[in-house]
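A.B. asks: Enclosed is the structure file run-v8.cif (mmCIF, C-alpha atoms).
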data_structure
#
loop_
_atom_site.label_atom_id
_atom_site.label_comp_id
_atom_site.auth_asym_id
_atom_site.auth_seq_id
_atom_site.Cartn_x
_atom_site.Cartn_y
_atom_site.Cartn_z
CA MET A 1 173.04 11.06 42.15
CA GLU A 2 175.19 9.07 39.81
CA SER A 3 176.96 10.11 36.66
CA ARG A 4 178.07 7.64 34.07
CA SER A 5 180.66 7.89 31.39
CA PHE A 6 180.78 5.69 28.33
CA GLY A 7 184.02 7.26 27.09
CA HIS A 8 186.13 4.12 26.84
CA CYS A 9 183.19 1.71 26.40
CA VAL A 10 182.13 2.70 22.93
CA LEU A 11 182.53 -0.71 21.34
CA ARG A 12 180.67 -2.46 24.12
CA PHE A 13 177.85 0.07 24.01
CA ALA A 14 177.35 -0.53 20.29
CA ALA A 15 177.18 -4.26 20.89
CA PHE A 16 174.56 -3.70 23.60
CA LEU A 17 172.30 -1.84 21.19
CA LEU A 18 172.59 -4.67 18.72
CA LEU A 19 171.55 -7.11 21.46
CA LEU A 20 168.49 -5.02 22.27
CA ALA A 21 167.48 -4.92 18.63
CA SER A 22 167.87 -8.65 18.30
CA LEU A 23 165.68 -9.25 21.35
CA GLY A 24 162.99 -7.03 19.93
CA ILE A 25 162.88 -4.70 22.94
CA ALA A 26 161.09 -1.49 22.01
CA ASP A 27 162.38 1.95 22.89
CA ALA A 28 160.82 3.04 26.18
CA ALA A 29 158.84 6.22 26.54
CA ALA A 30 159.86 9.08 28.80
CA TYR A 31 157.71 11.61 30.51
CA THR A 32 158.35 15.26 29.78
CA VAL A 33 157.99 18.30 32.00
CA THR A 34 158.04 21.66 30.26
CA ILE A 35 159.33 24.51 32.40
CA GLY A 36 158.52 28.13 31.68
CA THR A 37 160.73 31.17 31.88
CA GLY A 38 161.03 33.32 34.98
CA THR A 39 158.42 36.01 35.39
CA LYS A 40 159.19 39.51 34.17
CA ALA A 41 158.90 42.33 36.66
CA ALA A 42 159.32 46.11 36.67
CA TYR A 43 158.86 48.47 39.60
CA LEU A 44 159.13 52.24 39.89
CA ARG A 45 158.23 54.43 42.81
CA VAL A 46 158.74 58.18 43.02
CA GLY A 47 157.43 59.67 46.24
CA ASP A 48 154.50 57.71 47.58
CA GLY A 49 154.06 54.04 46.78
CA THR A 50 151.93 51.07 47.76
CA ILE A 51 153.00 47.58 48.64
CA THR A 52 150.78 44.83 49.97
CA GLY A 53 151.58 41.72 51.95
CA GLY A 54 154.67 43.08 53.67
CA ASN A 55 157.83 44.59 52.32
CA TYR A 56 159.24 43.47 49.00
CA ASN A 57 162.06 41.43 50.53
CA ALA A 58 159.46 39.51 52.53
CA GLY A 59 157.32 38.65 49.55
CA GLY A 60 155.23 41.81 49.36
CA THR A 61 153.64 42.83 46.08
CA PRO A 62 153.84 46.39 44.78
CA ALA A 63 150.55 47.92 43.72
CA ALA A 64 149.70 50.87 41.51
CA ASN A 65 149.63 54.21 43.28
CA THR A 66 148.35 57.19 41.36
CA THR A 67 149.29 59.82 43.92
CA VAL A 68 151.10 62.84 42.48
CA ASN A 69 153.31 64.24 45.21
CA LEU A 70 154.04 67.93 45.53
CA VAL A 71 157.55 69.30 45.95
CA SER A 72 157.33 72.97 46.94
CA VAL A 73 158.98 76.00 48.45
CA THR A 74 157.70 79.39 49.51
CA VAL A 75 160.31 82.06 48.98
CA PRO A 76 160.21 84.84 51.55
CA ALA A 77 159.61 88.22 49.97
CA ALA A 78 162.92 89.53 51.22
CA SER A 79 164.78 86.69 49.55
CA VAL A 80 163.18 86.70 46.12
CA GLY A 81 165.80 86.68 43.41
CA ASN A 82 168.83 86.91 45.71
CA ALA A 83 170.45 83.82 44.14
CA THR A 84 170.38 81.95 47.40
CA ALA A 85 169.04 78.46 46.71
CA GLN A 86 165.82 77.63 48.50
CA ALA A 87 165.32 74.10 49.81
CA MET A 88 162.11 72.45 48.63
CA THR A 89 160.15 69.83 50.52
CA SER A 90 158.20 66.81 49.32
CA THR A 91 154.99 65.30 50.64
CA GLY A 92 155.86 61.69 49.81
CA ARG A 93 156.46 58.73 52.11
CA THR A 94 160.12 58.27 53.02
CA THR A 95 160.40 54.59 53.99
CA SER A 96 161.81 51.98 51.64
CA ASP A 97 159.45 49.36 50.24
CA TRP A 98 162.36 46.98 50.10
CA ASP A 99 162.54 46.48 53.86
CA GLY A 100 160.63 49.31 55.51
CA PHE A 101 163.81 51.14 56.48
CA ALA A 102 163.56 54.92 56.94
CA PHE A 103 165.84 55.51 53.99
CA CYS A 104 164.91 59.14 53.37
CA ASN A 105 164.39 62.07 55.71
CA ALA A 106 161.29 64.19 55.94
CA GLY A 107 160.98 66.49 52.95
CA GLN A 108 163.04 64.29 50.62
CA THR A 109 161.62 62.40 47.66
CA TYR A 110 162.12 58.62 47.70
CA ILE A 111 162.91 57.09 44.30
CA ALA A 112 163.24 53.34 43.76
CA ALA A 113 163.31 51.10 40.70
CA PHE A 114 163.83 47.45 39.96
CA PHE A 115 163.38 45.21 36.96
CA ARG A 116 163.78 41.56 36.27
CA LEU A 117 164.01 39.71 32.98
CA PRO A 118 164.84 36.13 32.05
CA THR A 119 167.61 37.21 29.74
CA ASN A 120 171.36 37.65 29.52
CA PRO A 121 173.20 39.67 32.16
CA ASN A 122 173.96 42.74 30.08
CA GLN A 123 170.45 44.10 29.77
CA SER A 124 169.68 47.33 31.56
CA ALA A 125 166.67 49.56 32.12
CA THR A 126 166.64 53.33 31.85
CA LEU A 127 165.02 55.82 34.19
CA ARG A 128 164.01 59.01 32.44
CA VAL A 129 162.15 62.11 33.51
CA ASN A 130 160.13 64.45 31.35
CA THR A 131 159.48 68.06 32.33
CA PRO A 132 158.14 71.14 30.59
CA ALA A 133 160.50 73.99 29.82
CA ASN A 134 159.03 76.21 32.52
CA LEU A 135 157.07 76.36 35.72
CA THR A 136 154.02 78.44 34.97
CA SER A 137 151.79 80.64 37.10
CA ALA A 138 148.06 81.18 36.67
CA GLY A 139 148.86 84.62 35.32
CA GLY A 140 151.11 83.19 32.62
CA ASP A 141 154.44 84.09 34.19
CA THR A 142 157.19 81.51 33.96
CA ILE A 143 160.29 80.25 35.70
CA PRO A 144 162.71 78.08 33.72
CA ILE A 145 162.60 74.48 34.91
CA THR A 146 166.40 74.58 34.96
CA GLN A 147 166.04 76.52 38.22
CA ILE A 148 165.12 73.22 39.91
CA SER A 149 167.90 70.84 40.86
CA TRP A 150 168.47 68.09 43.39
CA THR A 151 171.06 66.33 45.47
CA SER A 152 170.97 62.61 46.12
CA SER A 153 171.56 60.63 49.29
CA GLY A 154 170.24 57.77 51.40
CA ASN A 155 170.40 57.04 55.10
CA GLY A 156 173.13 54.50 55.74
CA ASP A 157 174.52 54.76 52.20
CA THR A 158 178.19 55.54 51.71
CA GLY A 159 178.78 54.94 48.00
CA ALA A 160 177.51 56.67 44.90
CA GLN A 161 173.76 56.91 44.56
CA PRO A 162 172.06 54.97 41.74
CA PHE A 163 170.01 58.08 40.91
CA PRO A 164 172.57 60.85 41.16
CA ALA A 165 172.22 64.60 41.63
CA GLY A 166 171.09 66.67 38.67
CA THR A 167 169.10 69.54 37.28
CA PHE A 168 165.95 69.46 35.20
CA THR A 169 166.67 70.38 31.61
CA GLY A 170 163.17 70.46 30.19
CA GLY A 171 162.04 67.74 27.83
CA THR A 172 163.13 64.14 28.38
CA GLN A 173 166.39 63.48 30.16
CA THR A 174 168.01 60.27 31.32
CA LEU A 175 168.60 60.00 35.04
CA ALA A 176 170.17 56.56 35.36
CA THR A 177 170.55 53.10 33.89
CA LEU A 178 169.87 50.05 36.02
CA LEU A 179 171.28 46.57 35.78
CA ARG A 180 168.59 43.94 35.98
CA ASN A 181 167.91 42.16 39.26
CA THR A 182 169.27 45.07 41.25
CA TRP A 183 167.09 47.10 43.59
CA ALA A 184 168.05 50.78 43.33
CA GLU A 185 166.86 53.56 45.63
CA SER A 186 167.86 57.15 46.38
CA CYS A 187 166.48 60.18 48.16
CA HIS A 188 166.35 63.42 46.26
CA SER A 189 166.46 66.80 47.97
CA PHE A 190 165.16 69.43 45.57
CA SER A 191 166.01 73.09 45.60
CA TYR A 192 165.04 76.22 43.72
CA ALA A 193 167.98 78.29 42.46
CA ASN A 194 166.16 81.60 42.99
CA ALA A 195 168.41 83.30 40.45
CA ALA A 196 166.08 86.11 39.36
CA ILE A 197 163.23 88.24 40.60
CA ARG A 198 159.87 86.83 39.55
CA ALA A 199 156.33 88.08 39.68
CA ALA A 200 154.47 86.98 42.77
CA GLY A 201 152.39 83.89 42.32
CA THR A 202 152.31 80.11 42.46
CA TYR A 203 154.32 78.41 39.75
CA ASN A 204 153.70 74.79 38.84
CA ALA A 205 155.20 72.12 36.61
CA ARG A 206 154.87 68.36 36.50
CA ALA A 207 157.79 65.95 36.23
CA THR A 208 156.92 62.50 34.90
CA TYR A 209 159.32 59.63 35.59
CA THR A 210 159.44 56.59 33.31
CA LEU A 211 161.30 53.32 33.72
CA ALA A 212 161.98 51.81 30.29
CA THR A 213 162.93 48.11 30.27
CA PRO A 214 164.38 46.09 27.38
CA MET B 1 212.19 -14.74 21.77
CA ASN B 2 209.58 -12.88 19.74
CA ALA B 3 206.59 -14.88 20.99
CA PRO B 4 206.28 -13.22 24.46
CA VAL B 5 206.28 -9.76 22.82
CA LEU B 6 203.38 -10.68 20.54
CA SER B 7 201.45 -12.09 23.48
CA THR B 8 201.83 -8.82 25.40
CA ARG B 9 200.52 -6.87 22.43
CA LEU B 10 197.44 -9.05 22.26
CA LEU B 11 196.79 -9.02 25.97
CA LEU B 12 197.09 -5.29 26.47
CA PRO B 13 193.81 -4.31 24.71
CA LEU B 14 192.02 -7.11 26.52
CA LEU B 15 193.34 -5.96 29.87
CA LEU B 16 192.27 -2.39 29.11
CA ALA B 17 188.81 -3.57 28.17
CA LEU B 18 188.24 -5.60 31.32
CA PRO B 19 187.44 -2.68 33.65
CA CYS B 20 184.87 -1.54 31.12
CA PHE B 21 183.02 -4.82 31.31
CA ALA B 22 183.35 -5.07 35.06
CA ALA B 23 182.20 -1.50 35.89
CA SER B 24 179.06 -1.28 33.77
CA ALA B 25 176.06 -3.49 34.37
CA GLN B 26 173.51 -4.09 31.63
CA THR B 27 170.88 -1.38 31.55
CA PHE B 28 167.41 -1.69 30.06
CA PRO B 29 164.98 1.14 29.39
CA VAL B 30 161.74 0.91 31.37
CA ASP B 31 158.44 1.62 29.65
CA ASP B 32 156.83 4.49 31.54
CA SER B 33 154.48 5.56 28.76
CA ALA B 34 151.57 5.33 31.21
CA SER B 35 153.09 8.02 33.42
CA GLN B 36 151.20 11.28 33.60
CA VAL B 37 152.39 14.82 34.29
CA LEU B 38 149.67 16.75 36.11
CA GLU B 39 150.38 20.11 34.53
CA SER B 40 148.85 21.71 31.50
CA GLY B 41 151.21 24.05 29.73
CA PRO B 42 154.66 25.15 30.82
CA LEU B 43 155.39 24.82 34.51
CA LYS B 44 155.31 28.20 36.24
CA MET B 45 158.72 28.99 37.63
CA ARG B 46 159.28 31.43 40.49
CA TRP B 47 162.50 33.28 41.25
CA ASP B 48 164.26 31.88 44.32
CA SER B 49 165.59 35.26 45.35
CA VAL B 50 163.65 38.44 44.74
CA VAL B 51 166.82 40.42 44.19
CA PRO B 52 169.91 38.20 44.03
CA ARG B 53 173.13 39.57 45.45
CA PRO B 54 176.00 40.20 43.00
CA GLY B 55 177.40 36.86 41.91
CA GLN B 56 174.43 34.94 43.26
CA PRO B 57 172.77 32.78 40.57
CA SER B 58 169.29 33.79 39.44
CA THR B 59 167.72 30.42 40.01
CA MET B 60 164.03 29.75 39.70
CA THR B 61 161.97 26.88 41.01
CA GLY B 62 158.73 25.18 40.05
CA GLN B 63 156.78 22.20 41.36
CA VAL B 64 154.77 19.59 39.55
CA VAL B 65 153.14 16.25 40.36
CA VAL B 66 153.84 13.21 38.21
CA LEU B 67 151.94 9.93 38.38
CA VAL B 68 154.70 7.43 37.70
CA ARG B 69 153.64 4.13 36.17
CA LEU B 70 156.42 1.72 35.25
CA ASP B 71 155.85 -1.43 33.21
CA VAL B 72 158.30 -3.91 34.69
CA ALA B 73 156.50 -7.09 33.65
CA GLN B 74 159.48 -8.50 31.81
CA TRP B 75 161.60 -8.39 34.99
CA ARG B 76 159.01 -9.74 37.41
CA GLY B 77 160.64 -12.07 39.90
CA ARG B 78 164.08 -10.67 39.27
CA ARG B 79 166.14 -8.43 41.51
CA GLY B 80 167.67 -5.22 40.35
CA ARG B 81 167.80 -1.45 40.51
CA ILE B 82 165.70 1.16 38.77
CA TYR B 83 167.10 4.59 38.09
CA GLN B 84 165.44 7.81 36.97
CA ARG B 85 167.47 9.73 34.41
CA LEU B 86 167.14 13.37 33.38
CA ALA B 87 168.38 13.95 29.86
CA PRO B 88 171.00 16.68 29.32
CA VAL B 89 169.48 20.14 29.03
CA PRO B 90 171.22 22.58 26.67
CA ASN B 91 170.32 25.52 28.90
CA GLY B 92 171.24 23.71 32.09
CA PRO B 93 172.11 23.10 34.76
CA VAL B 94 168.71 21.84 35.83
CA THR B 95 168.10 19.82 38.97
CA ALA B 96 165.02 17.87 39.94
CA ALA B 97 164.27 16.67 43.45
CA TRP B 98 161.22 14.61 44.27
CA SER B 99 159.32 13.10 47.11
CA ALA B 100 157.60 9.75 46.70
CA ASN B 101 154.91 7.84 48.52
CA GLY B 102 156.51 4.45 47.90
CA PRO B 103 157.50 1.93 46.70
CA LEU B 104 159.82 4.25 44.78
CA LEU B 105 162.48 6.27 46.57
CA PRO B 106 162.71 10.05 46.84
CA GLY B 107 165.79 11.55 45.31
CA ARG B 108 167.48 14.27 43.37
CA VAL B 109 169.03 14.30 39.93
CA ARG B 110 170.86 16.79 37.77
CA ASP B 111 170.44 16.90 34.01
CA GLY B 112 172.63 14.36 32.27
CA GLU B 113 172.67 12.14 35.35
CA ARG B 114 170.54 9.49 37.02
CA ALA B 115 169.42 8.63 40.54
CA LEU B 116 168.29 5.43 42.21
CA VAL B 117 164.53 5.06 42.74
CA PHE B 118 164.20 1.34 43.44
CA SER B 119 166.34 -1.54 44.63
CA GLY B 120 165.16 -5.06 45.31
CA ALA B 121 162.94 -7.73 43.89
CA ILE B 122 160.39 -6.87 41.21
CA ALA B 123 157.23 -8.32 42.72
CA SER B 124 154.62 -7.15 40.23
CA GLU B 125 154.19 -6.29 36.59
CA ARG B 126 153.76 -2.63 37.30
CA ILE B 127 155.20 -0.13 39.77
CA GLU B 128 153.20 2.97 40.55
CA ASP B 129 153.99 5.98 42.67
CA THR B 130 153.38 9.71 42.83
CA PHE B 131 156.34 12.04 42.51
CA ARG B 132 156.18 15.64 43.67
CA LEU B 133 158.93 17.14 41.59
CA THR B 134 160.71 20.33 42.54
CA ILE B 135 162.62 21.62 39.55
CA GLN B 136 165.29 24.27 39.78
CA ALA B 137 166.87 25.98 36.78
CA ASP B 138 168.97 29.03 36.02
CA GLY B 139 166.52 31.78 35.09
CA ASN B 140 169.19 33.59 33.12
CA ARG B 141 169.59 30.66 30.77
CA VAL B 142 166.03 29.48 30.26
CA LEU B 143 164.88 32.10 27.80
CA ARG B 144 161.93 30.15 26.41
CA PRO B 145 159.92 27.11 27.55
CA GLN B 146 162.24 24.16 27.94
CA ASP B 147 161.33 20.47 27.77
CA LEU B 148 162.85 18.22 30.43
CA HIS B 149 162.89 14.55 29.46
CA PHE B 150 162.83 12.03 32.29
CA SER B 151 163.26 8.31 31.74
CA PHE B 152 163.74 5.16 33.79
CA GLU B 153 166.19 2.32 33.36
CA PHE B 154 166.53 -1.10 34.97
CA GLU B 155 169.73 -2.79 35.96
CA PRO B 156 169.31 -6.47 36.95
CA GLU B 157 171.44 -7.77 39.75
CA SER B 158 174.15 -10.16 38.71
CA PRO B 159 173.32 -13.73 39.69
#
What is this structure when it is put down as C-alpha cells?

C.D. replies:
Amino acid sequence: MESRSFGHCVLRFAAFLLLLASLGIADAAAYTVTIGTGTKAAYLRVGDGTITGGNYNAGGTPAANTTVNLVSVTVPAASVGNATAQAMTSTGRTTSDWDGFAFCNAGQTYIAAFFRLPTNPNQSATLRVNTPANLTSAGGDTIPITQISWTSSGNGDTGAQPFPAGTFTGGTQTLATLLRNTWAESCHSFSYANAAIRAAGTYNARATYTLATP
Amino acid sequence: MNAPVLSTRLLLPLLLALPCFAASAQTFPVDDSASQVLESGPLKMRWDSVVPRPGQPSTMTGQVVVLVRLDVAQWRGRRGRIYQRLAPVPNGPVTAAWSANGPLLPGRVRDGERALVFSGAIASERIEDTFRLTIQADGNRVLRPQDLHFSFEFEPESP
C-alpha cells in the first residue's frame, strides 16, 4: 500500500494537468463497486427457543418458536395465604443459544435478546412485557398479577443482570434497554407472594414479551 | 556585498522545489472502461463478528469478482508500474484486498491510497485479469449503499 501527498507539489501538479490537456489524453474510466449496509437483526427468546446450524456464536441461525411456556406453582392447602412466597417453576429450556452453556438452572426461565443495526452507537432496544391486571380462574376468581415477582441471575455471572429482578405491574412495563450489538441473557426465578387467602382453583395469566428496536 | 544575498533568495525556492520533482514520477490514468463488476445491485456485506466485544469495531465484509481490462496501448513497449487506486470514501475507512490470476498482482489498498498491481514491460495493448475483491468497511458508518471508485494509473520508468 502506498499513500501519496501532493501537499507541497501544488504548482507542479497544475502544470501536469495542463500537459495532459495539451496531449489530448482523455480522462480514464474507473470501475465502481457499490457496497450495501450491514444486515439488521433482532432476537428474543423467553423460555424455549430454536436455533439451527449450531449455536449463535458458531454461525447458528435462530428460528421462530411458538411455544408458550408455563410457569406454575401449587400452593399446599396449609400454606394458602400465609404470606410465605412460593417458588414457581418454568418448563422452558435452560441452555444459552449463544454457546450452549447451561446458563440457567432447572425451573428458571431463560431470557435472551440481541439486536443489530447499521447505525450510530447510541441506539438501544427496549424489552417490555405486557400482562393483564389479574390471574383468573375458570370460576371468575382473581389474583392480582402484582403477586408475581422474579429474581434474576445467571450461572457464572457476577455483575448486574441485563434483565433485572422485578414484579409484574399489569399492563405494559419496561424491563430493560439494550445497547445494540450486545448479547444479553438472564435467568428469572418467579415466585408467588401468597399474600391472601384465595378460592381454590387454577389461576392463569399470560405475559407477552416484546423487543422493540429503533 | 549584496549580490550573494540576492542569489540565496533566488536559490532557496528552487532548492525547496527539487525534492518535489525528484520524489514524484509522472502518473497517467489508465483506461479501464472495459472492466466489469460481476454484481448486480449493492454488494451484500456480512458482519465480521456476530457480537463484537466492547471497543471492537463492527466491521463487515463482502466479496465481489471484477473482470479487469486495462487499455495500455499507448505504453506498449515501455516499462513502468501500474497501480490500483481506491478513491477516498467519506464513510471510511474501507479496505479492499484482492487475489489475481495474473499478469496483475494481488494486493490490498485502503481508501485514498493506491497499491502496485504491475511492474515491468508493457507487452500488449491490453492487460486482462480477474480480481476477487474482499471489501471490508465499518458497519457503523456505512448507513446507506456506498459507491467505491477504483481506478488505475501508470507510471513509466525513467529512462

A.B. asks: Which residues come within 12 Å of range 30-32 of chain B, counting only C-alpha atoms, excluding same-chain residues fewer than 5 positions away, as a VMD selection string?

C.D. replies: (chain A and resid 25 to 32) or (chain B and resid 37 66 to 75 81 to 85 125 to 129 149 to 156)

A.B. asks: If we count only C-alpha atoms, what is near Ile197 in chain A at a cut-off of 9 Å, once residues fewer than 6 positions away on the same chain are taken out, given as a PDB file with C-alpha atoms, keeping the file's coordinate frame?

C.D. replies:
ATOM      1  CA  VAL A  80     163.180  86.700  46.120  1.00  0.00           C
ATOM      2  CA  GLY A  81     165.800  86.680  43.410  1.00  0.00           C
ATOM      3  CA  ASN A  82     168.830  86.910  45.710  1.00  0.00           C
TER       4      ASN A  82
END

A.B. asks: Considering all atoms listed in the file, extract the chain B residues located within 8 Å of chain A and return them as a PyMOL selection string.

C.D. replies: chain B and resi 17+20-21+29-33+35-37+41-47+50-53+60+62+107-110+112-116+139-152

A.B. asks: Would you mind reading off the distance between CA of Val117 in chain B and CA of Leu104 in chain B, one decimal, in Å?

C.D. replies: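 According to the coordinates, CA of Val117 in chain B and CA of Leu104 in chain B are separated by 5.2 Å.
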
A.B. asks: Please list as a ChimeraX atom specification every residue within 12 Å of range 91-95 of chain A, counting all atoms listed in the file and excluding residues in the same chain fewer than 2 positions away.

C.D. replies: /A:45-51,55,65,67-73,88-89,97-112,154-155,185-189

A.B. asks: Grab the CA of Val65 in chain B to CA of Ile135 in chain B distance for me, in Å with one decimal place.

C.D. replies: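 CA of Val65 in chain B sits 10.9 Å away from CA of Ile135 in chain B.
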
A.B. asks: Smallest atom-to-atom distance to Thr126 in chain A: which of A:Leu175, A:Ala64, A:Ala207, A:Ala41, using only C-alpha atoms?

C.D. replies: A:Leu175

A.B. asks: As a check of understanding, name the residues that the PyMOL selection byres ((chain A and resi 135) around 7) selects in the supplied structure, as a PyMOL selection string.

C.D. replies: chain A and resi 134+136-137+142-145+203-205

A.B. asks: Can you take the partial range 33-44 of chain A, add N, CA and C atoms, and return it as an mmCIF file, keeping the file's coordinate frame?

C.D. replies:
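The new file part_13.cif reads:
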data_model
loop_
_atom_site.group_PDB
_atom_site.id
_atom_site.type_symbol
_atom_site.label_atom_id
_atom_site.label_comp_id
_atom_site.auth_asym_id
_atom_site.auth_seq_id
_atom_site.Cartn_x
_atom_site.Cartn_y
_atom_site.Cartn_z
ATOM 1 N N VAL A 33 158.483 17.132 31.274
ATOM 2 C CA VAL A 33 157.990 18.300 32.000
ATOM 3 C C VAL A 33 158.523 19.537 31.278
ATOM 4 N N THR A 34 157.623 20.432 30.919
ATOM 5 C CA THR A 34 158.040 21.660 30.260
ATOM 6 C C THR A 34 158.071 22.793 31.275
ATOM 7 N N ILE A 35 159.233 23.403 31.439
ATOM 8 C CA ILE A 35 159.330 24.510 32.400
ATOM 9 C C ILE A 35 159.256 25.834 31.642
ATOM 10 N N GLY A 36 158.638 26.809 32.279
ATOM 11 C CA GLY A 36 158.520 28.130 31.680
ATOM 12 C C GLY A 36 159.682 29.012 32.061
ATOM 13 N N THR A 37 159.687 30.207 31.534
ATOM 14 C CA THR A 37 160.730 31.170 31.880
ATOM 15 C C THR A 37 160.352 31.875 33.178
ATOM 16 N N GLY A 38 161.315 32.543 33.779
ATOM 17 C CA GLY A 38 161.030 33.320 34.980
ATOM 18 C C GLY A 38 160.119 34.498 34.640
ATOM 19 N N THR A 39 159.375 34.921 35.640
ATOM 20 C CA THR A 39 158.420 36.010 35.390
ATOM 21 C C THR A 39 159.168 37.339 35.231
ATOM 22 N N LYS A 40 158.635 38.174 34.358
ATOM 23 C CA LYS A 40 159.190 39.510 34.170
ATOM 24 C C LYS A 40 158.610 40.435 35.246
ATOM 25 N N ALA A 41 159.395 41.404 35.641
ATOM 26 C CA ALA A 41 158.900 42.330 36.660
ATOM 27 C C ALA A 41 159.550 43.697 36.467
ATOM 28 N N ALA A 42 158.782 44.745 36.690
ATOM 29 C CA ALA A 42 159.320 46.110 36.670
ATOM 30 C C ALA A 42 158.628 46.899 37.775
ATOM 31 N N TYR A 43 159.377 47.732 38.447
ATOM 32 C CA TYR A 43 158.860 48.470 39.600
ATOM 33 C C TYR A 43 159.467 49.862 39.586
ATOM 34 N N LEU A 44 158.637 50.862 39.785
ATOM 35 C CA LEU A 44 159.130 52.240 39.890
ATOM 36 C C LEU A 44 158.271 52.969 40.910
#
